[in-house]
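Asks: One structure, as structure tokens, below. Some questions next.
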Amino acid sequence: MKILPYLFFLLWTITITSCAPQESSSGKNTATQVHQLLQDGKRFEQENKVKQALICYWDALDLLGEERDTVLKANTYNQLGDLLFRYGLYEKAVENHRKGYNLAQRTEDHRLLYETTSRLSLDYTLLNQGDTARYFKELSQQIASKNNLSRLLSESTRLTSSILAEQKDSICSLYEREQLLNWEARYKQQKAQLQAERIRNERLTHLSVGLGIILLLLTLLFITYRRKKHEEQRREKEIQWFKSLLDENRKKIENYQTELFNSHTHIRELQRTLEESHASLEENRLLHEELAYYLQQEQQMREKEQSLRNREQLLLSENSLKAVELLNRMKNKPAFMPVSSEEDWQVLIGFMDILYDGYSQTIRKIKGLTGRDRKLCYLMRLGFTTGQMAIFYGISPGSVTKAKFRIQKKMEAELPSASCREAASCG
């Protein structure tokens with residue numbers, strides 16, 4: 001029963017852990033995968049495999065979707081924008097270059113910020129938005145002059161001039177650009193479907209885990225109920241046995257009370273006889289002696305009655321109940337060293353002395369017995385068999401029999417024959 005709170009805590013921890021969102025890989029693995037996707041995208045661009053290149057860049061952005069602002073994420077947006085720019089999708093290029101520009105501002109990478117503003121200047125120039133193009137061109141020049149990027153500024157100027165001179169429309173037709181837009185739409189649709197499928201699978205997983213936990217809890221509750229029911233039945237048997245013992249003791253008390261009442265009646269008759277008879281002194285003396293005898297018997301019966309009452313109180317005490325429970329466990333389920341503490345031995349010895357009138361004191365008077373011999377005597381007196389005591393001490397029944405024979409010899413040497421028979425009556 002004490003382990004149940006720990007089990008419930010463990011189940012609660014498993015539930016929280018299973019319901020928590022799990023990352024597909026660590027940050028380091030994500031960066032490695034993104035670098036690989038960017039390299040593959042560059043290779044596909046060189047091989048004019050536009051669709052595969054776009055998928056590589058989109059997959060890289062999916063991996064970086066929940067990441068914080070990083071230079072890698074900005075470079076990914078820039079590479080995607082460059083590809084779209086080369087194929088005449090200037091609005092899409094501006095959209096991705098803008099995202100790269102915003103990330104570059106937050107990362108405070110001046111070189112990346114300069115490259116992004118240069119790209120935006122070129123994008124807006126080809127979109128015929130001269131004011132915006134001039135703004136980003138001046139901004140890129142300011143960034144270059146403030147951060148000693150003059151070499152990049154001259155290279156960017158030459159590159160921009162060559163692109164504007166060569167870029168009449170794009171390297172593909174209007175049909176191919178529309179096809180690229182269709183690819184993007186289908187990719188986003190498939191991504192949404194995969195996301196919905198993943199959410200549905202996660203819900204099914206969480207539902208399965210929840211049902212499993214509920215089933216496990218029900219199993220634990222059933223096992224606990226069965227164990228509690230068995231414990232109640234065992235205690236009921238112990239209570240019945242204890243009640244029978246108390247009933248037997250009460251019957252003895254009633255018998256002594258009946259004898260005491262009869263003794264009182266006889267004493268009163270003797271007293272009347274003594275009062276009526278004064279004829280003979282010898283007869284009077286005999287009557288006095290008989291009266292004294294019955295008075296002595298009455299006193300002994302009173303003492304026995306008081307002793308039985310005290311015995312009943314001791315049998316009803318907490319130590320006696322504990323001893324009864326321990327004896328039942330030892331007899332029903334014998335195990336190695338069932339009495340491990342001195343406190344339990346004292347409880348058993350006290351219960352035995354109540355039942356058999358100070359039996360332990362008789363055993364202690366025998367000088368030749370060891371501590372283990374005395375404990376064997378106590379167990380024999382309490383009614384344990386040779387096989388049970390062999391289990392208690394982890395020895396063979398033959399060894400127990402030899403020990404009992406040795407103890408009996410020591411008793412015969414120390415005690416008179418009658419006392420010896422009484423002390424070894426259960427051996």
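Ordered as shown in the structure tokens, chains take letters A, B, and onward, while each chain numbers its residues from 1 and ligands are numbered from 1 in the order shown.
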Write down as a PyMOL selection string the residues belonging to region 305-385 of chain A that are assigned alpha helix (DSSP H) by DSSP computed on the backbone.
Replies: chain A and resi 305-315+318-332+342-356+359-364+371-381
Asks: Near region 261-268 of chain A, counting only C-alpha atoms, which residues have an atom at most 12 Å away, once you skip same-chain residues fewer than 4 positions from it, shown as a ChimeraX atom specification?
Replies: /A:254-257,272-275,287-302
Asks: For C-alpha atoms, I'd like the residues from the last selection saved as a PDB file, in the first residue's frame.
Replies:
```pdb
ATOM      1  CA  GLU A 254     -17.465 -18.926  35.237  1.00  0.00           C
ATOM      2  CA  ASN A 255     -16.548 -22.388  36.548  1.00  0.00           C
ATOM      3  CA  TYR A 256     -14.357 -20.857  39.258  1.00  0.00           C
ATOM      4  CA  GLN A 257     -17.141 -18.450  40.168  1.00  0.00           C
ATOM      5  CA  ARG A 272     -24.485 -22.459  61.168  1.00  0.00           C
ATOM      6  CA  THR A 273     -23.349 -25.889  62.274  1.00  0.00           C
ATOM      7  CA  LEU A 274     -20.640 -24.298  64.422  1.00  0.00           C
ATOM      8  CA  GLU A 275     -23.123 -21.958  66.035  1.00  0.00           C
ATOM      9  CA  LEU A 287     -15.294 -27.597  62.615  1.00  0.00           C
ATOM     10  CA  HIS A 288     -12.922 -24.651  63.073  1.00  0.00           C
ATOM     11  CA  GLU A 289     -10.208 -26.494  61.212  1.00  0.00           C
ATOM     12  CA  GLU A 290     -12.630 -27.349  58.411  1.00  0.00           C
ATOM     13  CA  LEU A 291     -13.788 -23.724  58.303  1.00  0.00           C
ATOM     14  CA  ALA A 292     -10.170 -22.530  58.086  1.00  0.00           C
ATOM     15  CA  TYR A 293      -9.547 -24.996  55.280  1.00  0.00           C
ATOM     16  CA  TYR A 294     -12.500 -23.775  53.253  1.00  0.00           C
ATOM     17  CA  LEU A 295     -11.564 -20.161  53.930  1.00  0.00           C
ATOM     18  CA  GLN A 296      -8.108 -20.939  52.579  1.00  0.00           C
ATOM     19  CA  GLN A 297      -9.703 -22.612  49.544  1.00  0.00           C
ATOM     20  CA  GLU A 298     -11.876 -19.554  49.078  1.00  0.00           C
ATOM     21  CA  GLN A 299      -8.813 -17.282  49.168  1.00  0.00           C
ATOM     22  CA  GLN A 300      -7.036 -19.481  46.629  1.00  0.00           C
ATOM     23  CA  MET A 301     -10.065 -19.394  44.351  1.00  0.00           C
ATOM     24  CA  ARG A 302     -10.204 -15.612  44.643  1.00  0.00           C
TER      25      ARG A 302
END
```
Asks: Could you produce a table of the residues of region 186-255 of chain A lying within 12 Å of region 307-314 of chain A, with the nearest pair of atoms per residue and their separation in Å rounded to one decimal, using only C-alpha atoms, ordered by chain and increasing residue number, as CSV?
Replies:
```
residue,atom,partner,partner_atom,distance
A:Phe242,CA,A:Glu312,CA,11.1
A:Lys243,CA,A:Glu312,CA,11.3
A:Leu245,CA,A:Glu312,CA,9.5
A:Leu246,CA,A:Glu312,CA,7.1
A:Asp247,CA,A:Glu312,CA,10.1
A:Glu248,CA,A:Glu312,CA,10.4
A:Asn249,CA,A:Glu312,CA,7.1
A:Arg250,CA,A:Glu312,CA,8.3
A:Lys251,CA,A:Leu308,CA,10.7
A:Lys252,CA,A:Leu308,CA,8.3
A:Ile253,CA,A:Leu308,CA,6.8
A:Glu254,CA,A:Leu308,CA,10.5
A:Asn255,CA,A:Leu308,CA,11.5
```
Asks: For the residues in that selection, give me N, CA and C atoms as a CSV table (one decimal), in the first residue's frame.
Replies:
```csv
chain,number,residue,atom,x,y,z
A,242,PHE,N,-8.9,-15.7,18.3
A,242,PHE,CA,-8.7,-15.0,19.5
A,242,PHE,C,-10.0,-15.0,20.3
A,243,LYS,N,-11.2,-14.8,19.6
A,243,LYS,CA,-12.4,-14.9,20.3
A,243,LYS,C,-12.7,-16.2,21.0
A,245,LEU,N,-10.4,-18.2,22.1
A,245,LEU,CA,-9.5,-18.3,23.2
A,245,LEU,C,-10.1,-17.5,24.4
A,246,LEU,N,-10.7,-16.3,24.1
A,246,LEU,CA,-11.3,-15.5,25.2
A,246,LEU,C,-12.5,-16.3,25.7
A,247,ASP,N,-13.3,-16.9,24.8
A,247,ASP,CA,-14.5,-17.6,25.3
A,247,ASP,C,-14.1,-18.8,26.3
A,248,GLU,N,-13.0,-19.5,25.9
A,248,GLU,CA,-12.5,-20.5,26.8
A,248,GLU,C,-12.1,-20.0,28.1
A,249,ASN,N,-11.4,-18.9,28.1
A,249,ASN,CA,-11.0,-18.3,29.4
A,249,ASN,C,-12.2,-17.8,30.2
A,250,ARG,N,-13.2,-17.3,29.6
A,250,ARG,CA,-14.4,-16.9,30.3
A,250,ARG,C,-15.2,-18.1,30.9
A,251,LYS,N,-15.2,-19.2,30.2
A,251,LYS,CA,-15.8,-20.4,30.7
A,251,LYS,C,-15.1,-20.8,32.0
A,252,LYS,N,-13.8,-20.8,32.0
A,252,LYS,CA,-13.0,-21.1,33.2
A,252,LYS,C,-13.3,-20.2,34.3
A,253,ILE,N,-13.4,-18.9,34.0
A,253,ILE,CA,-13.8,-18.0,35.1
A,253,ILE,C,-15.2,-18.3,35.7
A,254,GLU,N,-16.1,-18.6,34.8
A,254,GLU,CA,-17.5,-18.9,35.2
A,254,GLU,C,-17.4,-20.2,36.1
A,255,ASN,N,-16.7,-21.2,35.7
A,255,ASN,CA,-16.5,-22.4,36.5
A,255,ASN,C,-16.0,-22.1,37.9
```
Asks: What lies within 10 Å of region 111-120 of chain A using only C-alpha atoms, ignoring chain neighbours under 3 positions off, as a PyMOL selection string?
Replies: chain A and resi 71+74-75+77-78+81-82+85+90+93-108+123-126+132-144+147-149+152-153+156-157+160
Asks: May I have the selected residues written with N, CA and C atoms, as a short mmCIF file (atom, residue, chain, number, x, y, z; two decimals), in the first residue's frame?
Replies:
```
data_model
loop_
_atom_site.label_atom_id
_atom_site.label_comp_id
_atom_site.auth_asym_id
_atom_site.auth_seq_id
_atom_site.Cartn_x
_atom_site.Cartn_y
_atom_site.Cartn_z
N VAL A 71 22.19 33.54 -38.26
CA VAL A 71 22.78 33.89 -39.55
C VAL A 71 22.44 32.83 -40.59
N ALA A 74 19.04 33.47 -42.05
CA ALA A 74 19.07 34.61 -42.97
C ALA A 74 19.71 34.21 -44.30
N ASN A 75 20.81 33.43 -44.26
CA ASN A 75 21.46 32.98 -45.49
C ASN A 75 20.54 32.09 -46.31
N TYR A 77 17.20 32.29 -46.44
CA TYR A 77 16.25 33.18 -47.12
C TYR A 77 16.93 33.89 -48.29
N ASN A 78 18.18 34.30 -48.13
CA ASN A 78 18.88 35.00 -49.20
C ASN A 78 19.11 34.09 -50.41
N GLY A 81 15.85 33.63 -52.15
CA GLY A 81 15.52 34.85 -52.90
C GLY A 81 16.36 35.00 -54.14
N ASP A 82 17.66 34.64 -54.07
CA ASP A 82 18.53 34.73 -55.25
C ASP A 82 18.02 33.82 -56.37
N PHE A 85 14.96 35.28 -57.87
CA PHE A 85 15.34 36.46 -58.65
C PHE A 85 15.85 36.05 -60.02
N TYR A 90 10.45 38.40 -59.11
CA TYR A 90 11.04 39.46 -58.29
C TYR A 90 10.25 39.73 -57.02
N ALA A 93 11.21 37.15 -54.69
CA ALA A 93 12.59 37.39 -54.28
C ALA A 93 12.65 38.48 -53.22
N VAL A 94 11.87 39.57 -53.47
CA VAL A 94 11.83 40.66 -52.47
C VAL A 94 11.30 40.15 -51.14
N GLU A 95 10.26 39.28 -51.18
CA GLU A 95 9.68 38.76 -49.95
C GLU A 95 10.71 37.99 -49.12
N ASN A 96 11.49 37.13 -49.77
CA ASN A 96 12.50 36.34 -49.05
C ASN A 96 13.70 37.19 -48.64
N HIS A 97 14.11 38.13 -49.52
CA HIS A 97 15.23 39.02 -49.16
C HIS A 97 14.85 39.93 -47.99
N ARG A 98 13.58 40.32 -47.94
CA ARG A 98 13.10 41.13 -46.81
C ARG A 98 13.23 40.36 -45.49
N LYS A 99 12.84 39.07 -45.52
CA LYS A 99 12.97 38.26 -44.30
C LYS A 99 14.43 38.11 -43.90
N GLY A 100 15.31 37.92 -44.91
CA GLY A 100 16.73 37.86 -44.61
C GLY A 100 17.25 39.17 -44.05
N TYR A 101 16.73 40.28 -44.57
CA TYR A 101 17.14 41.61 -44.09
C TYR A 101 16.72 41.82 -42.63
N ASN A 102 15.49 41.43 -42.28
CA ASN A 102 15.01 41.56 -40.90
C ASN A 102 15.85 40.72 -39.94
N LEU A 103 16.18 39.49 -40.34
CA LEU A 103 17.01 38.63 -39.49
C LEU A 103 18.42 39.21 -39.35
N ALA A 104 18.96 39.76 -40.45
CA ALA A 104 20.30 40.35 -40.38
C ALA A 104 20.33 41.53 -39.42
N GLN A 105 19.26 42.32 -39.39
CA GLN A 105 19.20 43.44 -38.44
C GLN A 105 19.23 42.94 -36.99
N ARG A 106 18.53 41.83 -36.72
CA ARG A 106 18.47 41.34 -35.35
C ARG A 106 19.75 40.61 -34.93
N THR A 107 20.45 40.02 -35.89
CA THR A 107 21.70 39.33 -35.54
C THR A 107 22.90 40.26 -35.46
N GLU A 108 22.76 41.51 -36.01
CA GLU A 108 23.84 42.51 -35.98
C GLU A 108 25.10 42.01 -36.69
N ASP A 123 16.66 44.10 -56.36
CA ASP A 123 15.28 43.63 -56.55
C ASP A 123 14.36 44.79 -56.91
N TYR A 124 14.41 45.84 -56.10
CA TYR A 124 13.49 46.98 -56.34
C TYR A 124 13.83 47.72 -57.62
N THR A 125 15.09 47.66 -58.07
CA THR A 125 15.45 48.28 -59.36
C THR A 125 14.74 47.57 -60.50
N LEU A 126 14.75 46.22 -60.48
CA LEU A 126 14.10 45.47 -61.54
C LEU A 126 12.58 45.49 -61.41
N THR A 132 12.64 53.15 -53.62
CA THR A 132 13.00 52.11 -52.67
C THR A 132 14.38 51.54 -52.99
N ALA A 133 14.64 51.39 -54.30
CA ALA A 133 15.95 50.88 -54.70
C ALA A 133 17.06 51.82 -54.27
N ARG A 134 16.86 53.15 -54.44
CA ARG A 134 17.87 54.12 -54.02
C ARG A 134 18.06 54.09 -52.50
N TYR A 135 16.95 53.92 -51.76
CA TYR A 135 17.06 53.89 -50.29
C TYR A 135 17.97 52.73 -49.84
N PHE A 136 17.73 51.56 -50.38
CA PHE A 136 18.54 50.41 -49.96
C PHE A 136 19.96 50.51 -50.49
N LYS A 137 20.15 51.16 -51.65
CA LYS A 137 21.50 51.35 -52.16
C LYS A 137 22.30 52.27 -51.25
N GLU A 138 21.66 53.39 -50.83
CA GLU A 138 22.34 54.31 -49.91
C GLU A 138 22.58 53.65 -48.56
N LEU A 139 21.61 52.84 -48.12
CA LEU A 139 21.77 52.14 -46.85
C LEU A 139 22.96 51.18 -46.91
N SER A 140 23.08 50.45 -48.02
CA SER A 140 24.21 49.51 -48.15
C SER A 140 25.54 50.26 -48.18
N GLN A 141 25.55 51.44 -48.83
CA GLN A 141 26.79 52.23 -48.87
C GLN A 141 27.16 52.73 -47.48
N GLN A 142 26.17 53.15 -46.68
CA GLN A 142 26.44 53.59 -45.32
C GLN A 142 27.00 52.44 -44.47
N ILE A 143 26.41 51.26 -44.60
CA ILE A 143 26.89 50.10 -43.82
C ILE A 143 28.32 49.76 -44.21
N ALA A 144 28.62 49.84 -45.55
CA ALA A 144 29.97 49.51 -46.01
C ALA A 144 30.99 50.52 -45.50
N ASN A 147 31.63 50.14 -41.60
CA ASN A 147 32.21 48.89 -41.11
C ASN A 147 33.38 48.40 -41.98
N ASN A 148 34.01 49.35 -42.75
CA ASN A 148 35.21 49.03 -43.55
C ASN A 148 34.94 47.88 -44.53
N LEU A 149 33.86 48.01 -45.29
CA LEU A 149 33.51 47.00 -46.30
C LEU A 149 33.61 47.59 -47.69
N LEU A 152 33.90 45.08 -50.57
CA LEU A 152 32.61 44.50 -50.93
C LEU A 152 31.74 45.48 -51.70
N LEU A 153 31.87 46.77 -51.37
CA LEU A 153 31.08 47.80 -52.05
C LEU A 153 31.45 47.87 -53.52
N SER A 156 30.24 44.74 -55.28
CA SER A 156 28.78 44.76 -55.43
C SER A 156 28.37 45.71 -56.54
N THR A 157 29.09 46.84 -56.69
CA THR A 157 28.75 47.80 -57.74
C THR A 157 28.97 47.19 -59.11
N THR A 160 26.29 44.50 -59.69
CA THR A 160 24.97 45.09 -59.98
C THR A 160 24.92 45.61 -61.40
#
```
Asks: What does the structure give for the distance between CA of Ala403 (chain A) and CA of Met352 (chain A), in Å to one decimal?
Replies: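 Separation between CA of Ala403 (chain A) and CA of Met352 (chain A): 20.9 Å.
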Asks: Can you tell me how far CA of Arg406 (chain A) sits from CA of Gly368 (chain A), in Å to one decimal?
Replies: 10.4 Å
Asks: Hey, which of A:Phe405, A:Lys49, A:Lys146, A:Val324 ends up closest to Gln240 (chain A)? Count only C-alpha atoms.
Replies: A:Val324
Asks: Write out as a list of chain:residue names each polymer residue whose atoms come within 10 Å of Lys331 (chain A), counting only C-alpha atoms; drop sequence neighbours fewer than 2 positions from it.
Replies: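 These residues fall inside the cut-off: A:Leu326, A:Leu327, A:Asn328, A:Arg329, A:Lys333, A:Pro334, A:Ala335, A:Gly383, A:Phe384, A:Thr385, A:Gln388, A:Met389.
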Asks: Just write the chosen residues, C-alpha atoms, as a PDB file, in the first residue's frame.
Replies:
```pdb
ATOM      1  CA  LEU A 326       3.265 -12.876  14.280  1.00  0.00           C
ATOM      2  CA  LEU A 327       2.500 -16.527  15.237  1.00  0.00           C
ATOM      3  CA  ASN A 328      -0.092 -16.849  12.479  1.00  0.00           C
ATOM      4  CA  ARG A 329       2.327 -15.481   9.902  1.00  0.00           C
ATOM      5  CA  LYS A 333       4.054 -18.873   5.815  1.00  0.00           C
ATOM      6  CA  PRO A 334       7.258 -20.247   7.425  1.00  0.00           C
ATOM      7  CA  ALA A 335      10.362 -18.326   6.281  1.00  0.00           C
ATOM      8  CA  GLY A 383       3.557 -25.445  19.091  1.00  0.00           C
ATOM      9  CA  PHE A 384       5.880 -25.120  16.084  1.00  0.00           C
ATOM     10  CA  THR A 385       6.795 -28.349  14.325  1.00  0.00           C
ATOM     11  CA  GLN A 388       8.834 -25.238  10.632  1.00  0.00           C
ATOM     12  CA  MET A 389      11.787 -24.692  12.981  1.00  0.00           C
TER      13      MET A 389
END
```
Asks: What is the CA of Leu63 (chain A) to CA of His35 (chain A) distance in Å?
Replies: 11.0 Å
